[in-house]
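Structure below is work_39.cif: mmCIF, C-alpha atoms.
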data_final
#
loop_
_atom_site.label_atom_id
_atom_site.label_comp_id
_atom_site.auth_asym_id
_atom_site.auth_seq_id
_atom_site.Cartn_x
_atom_site.Cartn_y
_atom_site.Cartn_z
CA MET A 1 15.24 -7.77 14.35
CA ASN A 2 13.77 -4.66 15.95
CA TYR A 3 12.18 -2.83 13.06
CA LEU A 4 11.16 0.06 15.29
CA ASP A 5 14.85 0.93 15.47
CA LEU A 6 15.17 0.81 11.69
CA PHE A 7 12.04 2.82 10.91
CA LYS A 8 12.67 6.32 12.23
CA PRO A 9 9.66 8.14 13.78
CA PHE A 10 8.46 11.50 12.48
CA VAL A 11 5.31 13.61 12.55
CA TYR A 12 3.90 15.43 9.54
CA LYS A 13 1.88 18.54 10.38
CA ASP A 14 -0.10 20.94 8.25
CA GLU A 15 -2.96 23.30 9.02
CA PHE A 16 -5.47 20.46 8.89
CA ILE A 17 -3.88 17.38 10.38
CA THR A 18 -1.13 15.81 12.44
CA LEU A 19 0.06 12.56 10.88
CA PRO A 20 2.61 10.27 12.59
CA TYR A 21 4.80 8.29 10.21
CA ARG A 22 7.85 6.08 10.10
CA LEU A 23 10.54 6.15 7.43
CA PHE A 24 13.06 3.44 6.62
CA SER A 25 16.14 4.55 4.70
CA PRO A 26 18.42 2.18 2.77
CA LYS A 27 22.19 2.34 2.70
CA ILE A 28 22.67 5.31 0.43
CA GLU A 29 25.38 5.60 -2.19
CA ASN A 30 26.36 8.87 -3.80
CA ASN A 31 24.59 9.83 -7.03
CA LYS A 32 22.14 6.94 -6.77
CA LYS A 33 18.36 7.07 -6.49
CA TYR A 34 16.13 4.50 -4.81
CA PRO A 35 12.54 3.25 -5.01
CA LEU A 36 9.99 4.35 -2.43
CA VAL A 37 7.42 1.91 -1.05
CA ILE A 38 4.39 3.40 0.74
CA PHE A 39 2.39 1.16 3.08
CA LEU A 40 -1.14 2.01 4.23
CA HIS A 41 -2.17 -0.08 7.23
CA GLY A 42 -5.58 -1.43 8.20
CA ALA A 43 -8.20 -0.08 10.62
CA GLY A 44 -6.76 -1.95 13.59
CA GLU A 45 -3.53 0.02 13.47
CA ARG A 46 -5.05 3.51 13.70
CA GLY A 47 -3.85 5.80 16.47
CA ASN A 48 -1.02 8.17 17.32
CA ASN A 49 1.59 5.92 18.91
CA ASN A 50 3.51 5.62 15.61
CA ILE A 51 4.15 1.96 16.39
CA LYS A 52 1.23 -0.26 15.42
CA GLN A 53 1.61 0.28 11.68
CA ILE A 54 5.10 -1.26 11.96
CA THR A 55 4.57 -4.06 14.48
CA ALA A 56 1.11 -5.43 13.63
CA ASN A 57 2.10 -7.26 10.43
CA LYS A 58 4.69 -7.37 7.64
CA GLY A 59 3.04 -4.79 5.39
CA ALA A 60 5.79 -2.26 6.09
CA THR A 61 8.64 -4.38 7.38
CA VAL A 62 8.81 -7.01 4.64
CA TRP A 63 10.47 -4.45 2.34
CA ALA A 64 13.15 -3.79 4.97
CA ASP A 65 14.14 -7.43 5.22
CA PRO A 66 17.93 -7.65 4.71
CA ASN A 67 17.53 -10.13 1.86
CA ILE A 68 15.20 -7.79 0.01
CA GLN A 69 17.29 -4.71 0.76
CA SER A 70 20.39 -6.45 -0.58
CA GLU A 71 18.69 -6.92 -3.96
CA ASN A 72 16.31 -3.96 -3.97
CA PRO A 73 17.38 -1.23 -1.54
CA CYS A 74 14.50 1.18 -1.08
CA PHE A 75 12.92 3.77 1.17
CA ILE A 76 9.76 2.71 3.02
CA LEU A 77 7.12 5.17 4.21
CA ALA A 78 4.49 4.05 6.73
CA PRO A 79 2.07 6.75 7.91
CA GLN A 80 -0.42 6.10 10.73
CA CYS A 81 -4.07 7.03 10.29
CA PRO A 82 -5.54 8.88 13.30
CA GLU A 83 -8.00 7.07 15.57
CA ASN A 84 -11.65 7.18 14.40
CA SER A 85 -10.51 8.27 10.94
CA TRP A 86 -10.14 6.45 7.63
CA TRP A 87 -7.92 6.37 4.58
CA GLY A 88 -10.68 8.03 2.54
CA SER A 89 -14.46 8.26 2.75
CA TYR A 90 -16.54 5.22 1.88
CA LYS A 91 -20.04 4.34 0.75
CA LYS A 92 -19.46 0.61 0.45
CA ASP A 93 -23.01 -0.29 -0.55
CA ASP A 94 -22.69 1.97 -3.58
CA PHE A 95 -19.05 1.07 -4.33
CA VAL A 96 -18.18 4.78 -3.96
CA PHE A 97 -14.80 5.65 -2.43
CA GLU A 98 -13.24 9.11 -2.33
CA ALA A 99 -10.17 10.81 -0.90
CA ASN A 100 -10.40 12.83 2.30
CA THR A 101 -8.13 15.31 4.08
CA ILE A 102 -6.05 12.52 5.59
CA LEU A 103 -5.33 10.87 2.23
CA TYR A 104 -4.47 14.21 0.66
CA SER A 105 -2.05 14.77 3.53
CA VAL A 106 -0.49 11.37 2.78
CA MET A 107 0.01 12.52 -0.79
CA LEU A 108 1.66 15.74 0.39
CA LEU A 109 3.88 13.65 2.65
CA ILE A 110 4.87 11.41 -0.26
CA ASN A 111 5.86 14.49 -2.26
CA LYS A 112 7.82 15.85 0.72
CA ILE A 113 9.74 12.60 1.24
CA SER A 114 10.45 12.36 -2.48
CA LYS A 115 11.96 15.84 -2.57
CA GLU A 116 14.06 15.45 0.58
CA ASN A 117 15.58 12.07 -0.29
CA PRO A 118 17.22 10.45 -3.33
CA ILE A 119 13.97 8.88 -4.57
CA ASP A 120 13.58 7.50 -8.07
CA GLU A 121 10.36 9.19 -9.20
CA ASN A 122 9.81 6.41 -11.72
CA ARG A 123 9.76 3.74 -9.01
CA ILE A 124 7.26 4.86 -6.39
CA TYR A 125 5.14 1.93 -5.24
CA ILE A 126 2.08 1.88 -3.00
CA THR A 127 0.51 -0.99 -1.09
CA GLY A 128 -2.15 -1.37 1.55
CA LEU A 129 -4.27 -3.93 3.36
CA SER A 130 -7.97 -3.86 4.25
CA MET A 131 -8.75 -0.16 4.96
CA GLY A 132 -5.32 0.59 3.52
CA GLY A 133 -6.22 -1.35 0.39
CA PHE A 134 -9.16 0.98 -0.19
CA GLY A 135 -6.90 3.97 0.45
CA THR A 136 -4.33 2.63 -1.99
CA LEU A 137 -6.86 2.42 -4.81
CA ILE A 138 -8.22 5.89 -4.03
CA LEU A 139 -4.74 7.38 -4.35
CA LEU A 140 -4.10 5.37 -7.50
CA SER A 141 -7.32 6.69 -9.02
CA ASP A 142 -6.61 10.32 -8.08
CA PHE A 143 -2.85 10.31 -8.81
CA PRO A 144 -2.16 7.52 -11.32
CA GLU A 145 0.78 9.43 -12.78
CA LYS A 146 2.60 9.27 -9.44
CA PHE A 147 2.88 5.52 -8.98
CA ALA A 148 4.78 2.82 -10.84
CA ALA A 149 2.68 -0.01 -9.37
CA GLY A 150 0.32 -0.96 -6.56
CA VAL A 151 -0.39 -4.01 -4.40
CA VAL A 152 -3.83 -4.20 -2.79
CA VAL A 153 -4.62 -6.83 -0.15
CA CYS A 154 -8.26 -7.55 0.82
CA GLY A 155 -9.32 -4.07 -0.25
CA GLY A 156 -11.68 -2.56 -2.78
CA GLY A 157 -12.39 0.48 -4.85
CA ASP A 158 -14.72 2.56 -6.97
CA LEU A 159 -15.47 0.63 -10.17
CA ASP A 160 -16.22 3.81 -12.10
CA LYS A 161 -12.68 5.06 -11.42
CA VAL A 162 -10.86 1.97 -12.71
CA PRO A 163 -10.23 3.56 -16.14
CA ARG A 164 -8.15 6.27 -14.45
CA TYR A 165 -5.45 3.80 -13.41
CA LYS A 166 -5.89 0.92 -15.82
CA ASP A 167 -2.35 1.38 -17.16
CA VAL A 168 -0.75 1.26 -13.69
CA PRO A 169 0.37 -2.32 -12.89
CA ILE A 170 -1.70 -3.59 -9.95
CA TRP A 171 -1.77 -6.91 -8.09
CA LEU A 172 -4.81 -7.76 -5.98
CA PHE A 173 -4.92 -10.37 -3.20
CA HIS A 174 -8.03 -11.62 -1.37
CA ALA A 175 -9.30 -14.73 0.40
CA GLU A 176 -12.47 -16.28 -0.98
CA ASP A 177 -13.92 -16.65 2.53
CA ASP A 178 -12.93 -13.23 3.90
CA PRO A 179 -15.71 -12.43 6.43
CA VAL A 180 -14.73 -8.76 6.87
CA ILE A 181 -14.23 -7.41 3.33
CA SER A 182 -16.17 -9.36 0.73
CA VAL A 183 -14.10 -11.00 -1.97
CA ASP A 184 -16.56 -9.45 -4.43
CA PHE A 185 -14.68 -6.16 -4.10
CA SER A 186 -11.51 -7.64 -5.62
CA ARG A 187 -13.37 -9.83 -8.10
CA LYS A 188 -15.35 -6.93 -9.52
CA LEU A 189 -12.29 -4.69 -9.70
CA PHE A 190 -10.37 -7.38 -11.54
CA GLU A 191 -13.21 -8.03 -13.97
CA LYS A 192 -13.72 -4.33 -14.63
CA SER A 193 -10.03 -3.69 -15.23
CA LYS A 194 -9.60 -6.71 -17.52
CA SER A 195 -12.64 -5.67 -19.54
CA ILE A 196 -10.95 -2.39 -20.49
CA GLY A 197 -7.46 -3.81 -21.00
CA GLY A 198 -6.12 -2.96 -17.55
CA ASN A 199 -2.68 -4.03 -16.34
CA ILE A 200 -3.87 -6.11 -13.41
CA ARG A 201 -3.16 -9.40 -11.64
CA TYR A 202 -5.30 -11.17 -9.07
CA THR A 203 -4.53 -13.89 -6.55
CA GLU A 204 -7.52 -15.39 -4.73
CA TYR A 205 -6.89 -17.78 -1.85
CA PRO A 206 -9.41 -20.66 -1.83
CA LYS A 207 -11.89 -21.06 1.00
CA GLY A 208 -10.31 -22.73 4.01
CA LEU A 209 -6.69 -22.16 2.97
CA LEU A 210 -5.91 -19.48 5.53
CA SER A 211 -7.83 -21.27 8.28
CA SER A 212 -5.82 -24.43 7.59
CA LYS A 213 -2.71 -22.40 8.34
CA LYS A 214 -4.30 -21.03 11.54
CA ILE A 215 -4.69 -17.61 9.90
CA HIS A 216 -7.91 -15.60 10.07
CA PRO A 217 -9.54 -15.57 6.58
CA HIS A 218 -9.42 -11.76 6.48
CA ALA A 219 -5.66 -11.75 6.98
CA ALA A 220 -4.69 -12.47 3.38
CA TRP A 221 -1.70 -10.20 3.98
CA GLU A 222 -0.04 -13.02 5.93
CA LEU A 223 0.42 -14.85 2.63
CA ALA A 224 0.51 -11.93 0.20
CA TYR A 225 3.47 -10.14 1.76
CA ASN A 226 5.42 -13.41 1.80
CA ASP A 227 4.87 -13.92 -1.93
CA LYS A 228 8.35 -13.75 -3.44
CA GLU A 229 6.98 -13.58 -6.97
CA MET A 230 4.95 -10.48 -6.05
CA ILE A 231 7.95 -8.80 -4.45
CA LYS A 232 10.12 -9.44 -7.50
CA TRP A 233 7.32 -8.26 -9.78
CA LEU A 234 6.85 -5.02 -7.84
CA PHE A 235 10.47 -3.93 -8.04
CA ASN A 236 10.52 -4.70 -11.77
CA GLN A 237 7.84 -2.07 -12.44
CA ILE A 238 9.13 1.26 -13.75
CA LYS A 239 6.86 4.21 -14.45
CA LYS A 240 6.49 5.07 -18.12
CA ARG A 241 6.63 8.84 -18.47
#
Write out the structure in this file as structure tokens.
Amino acid sequence: MNYLDLFKPFVYKDEFITLPYRLFSPKIENNKKYPLVIFLHGAGERGNNNIKQITANKGATVWADPNIQSENPCFILAPQCPENSWWGSYKKDDFVFEANTILYSVMLLINKISKENPIDENRIYITGLSMGGFGTLILLSDFPEKFAAGVVVCGGGDLDKVPRYKDVPIWLFHAEDDPVISVDFSRKLFEKSKSIGGNIRYTEYPKGLLSSKKIHPHAAWELAYNDKEMIKWLFNQIKKR
């Protein structure tokens, strides 16, 4: 299946930034609204070709799988971060992560897509891997009222901001032996959220599991985005207004 044909290419422009993105649209019925899934890719997919964020892994395309669309038709938004930029600004040693112009533009794009299409505002989901996992948690911390749920794969976030989104259902995934993003990021987030009654789940893949499947230990997304329980869980989340 050629997902590049299914995800239509667009470019979002404002006075600060030019942001390529792809949008998948479900089969639309009259007077019906649909969930929106936003996918934030990792650092390796940055650029302006508007391709790599679709072809590099299943972070965007899994939701467009015909079997999933038959049960949970949804829109899928996949922006591409410019080269040499990041989904946010990071001070990893201090566990400090903040939004930047690019992430704010992503939020403006989400609002634009939501207004122009039959989107169910109570079922907007966000997910990201690695750099995109950090970006996902930054947006969740700054705009918790916008999202019905989040899935974060081998990412991390600002521990002091966890209370902002503790009521948003979140599922974390990380490999114990991830050599790129320390598993401590997910562990500490999970512990912090649980300590204040947060609505959070955490799946940690044991050391050696990914390698045994010939998968790099950082690439927890190879298992996470194939987790049928997670996919079912995500679409069951509805924002409480």
Quiz item: Expanded to explicit residues, what is the PyMOL selection byres ((chain A and resi 158) around 8) for this file, as a PyMOL selection string?
Solution: chain A and resi 95-97+138+156-157+159-162
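The protein and nucleic acid residues lying at most 9 Å from Ile17 of chain A are Tyr12, Lys13, Asp14, Glu15, Leu19, Thr101, Ile102 and Ser105 of chain A, with all atoms listed in the file considered and sequence neighbours fewer than 2 positions away removed.
Straight-line separation from atom CA of Phe39 of chain A to atom CA of Asn236 of chain A: 17.9 Å.
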Quiz prompt | Pick from A:Lys166, A:Gly132, A:Ala224, A:Val153 nearest to Glu191 of chain A, counting only C-alpha atoms | solution = A:Lys166
The PyMOL selection byres ((chain A and resi 50) around 8) resolved against shown file, as a PDB file with C-alpha atoms, in the frame of the given file:
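Result file expr_25.pdb:
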ATOM      1  CA  PRO A   9       9.660   8.140  13.780  1.00  0.00           C
ATOM      2  CA  PRO A  20       2.610  10.270  12.590  1.00  0.00           C
ATOM      3  CA  TYR A  21       4.800   8.290  10.210  1.00  0.00           C
ATOM      4  CA  ARG A  22       7.850   6.080  10.100  1.00  0.00           C
ATOM      5  CA  GLY A  47      -3.850   5.800  16.470  1.00  0.00           C
ATOM      6  CA  ASN A  48      -1.020   8.170  17.320  1.00  0.00           C
ATOM      7  CA  ASN A  49       1.590   5.920  18.910  1.00  0.00           C
ATOM      8  CA  ILE A  51       4.150   1.960  16.390  1.00  0.00           C
ATOM      9  CA  LYS A  52       1.230  -0.260  15.420  1.00  0.00           C
ATOM     10  CA  GLN A  53       1.610   0.280  11.680  1.00  0.00           C
ATOM     11  CA  ILE A  54       5.100  -1.260  11.960  1.00  0.00           C
ATOM     12  CA  PRO A  79       2.070   6.750   7.910  1.00  0.00           C
ATOM     13  CA  GLN A  80      -0.420   6.100  10.730  1.00  0.00           C
TER      14      GLN A  80
END
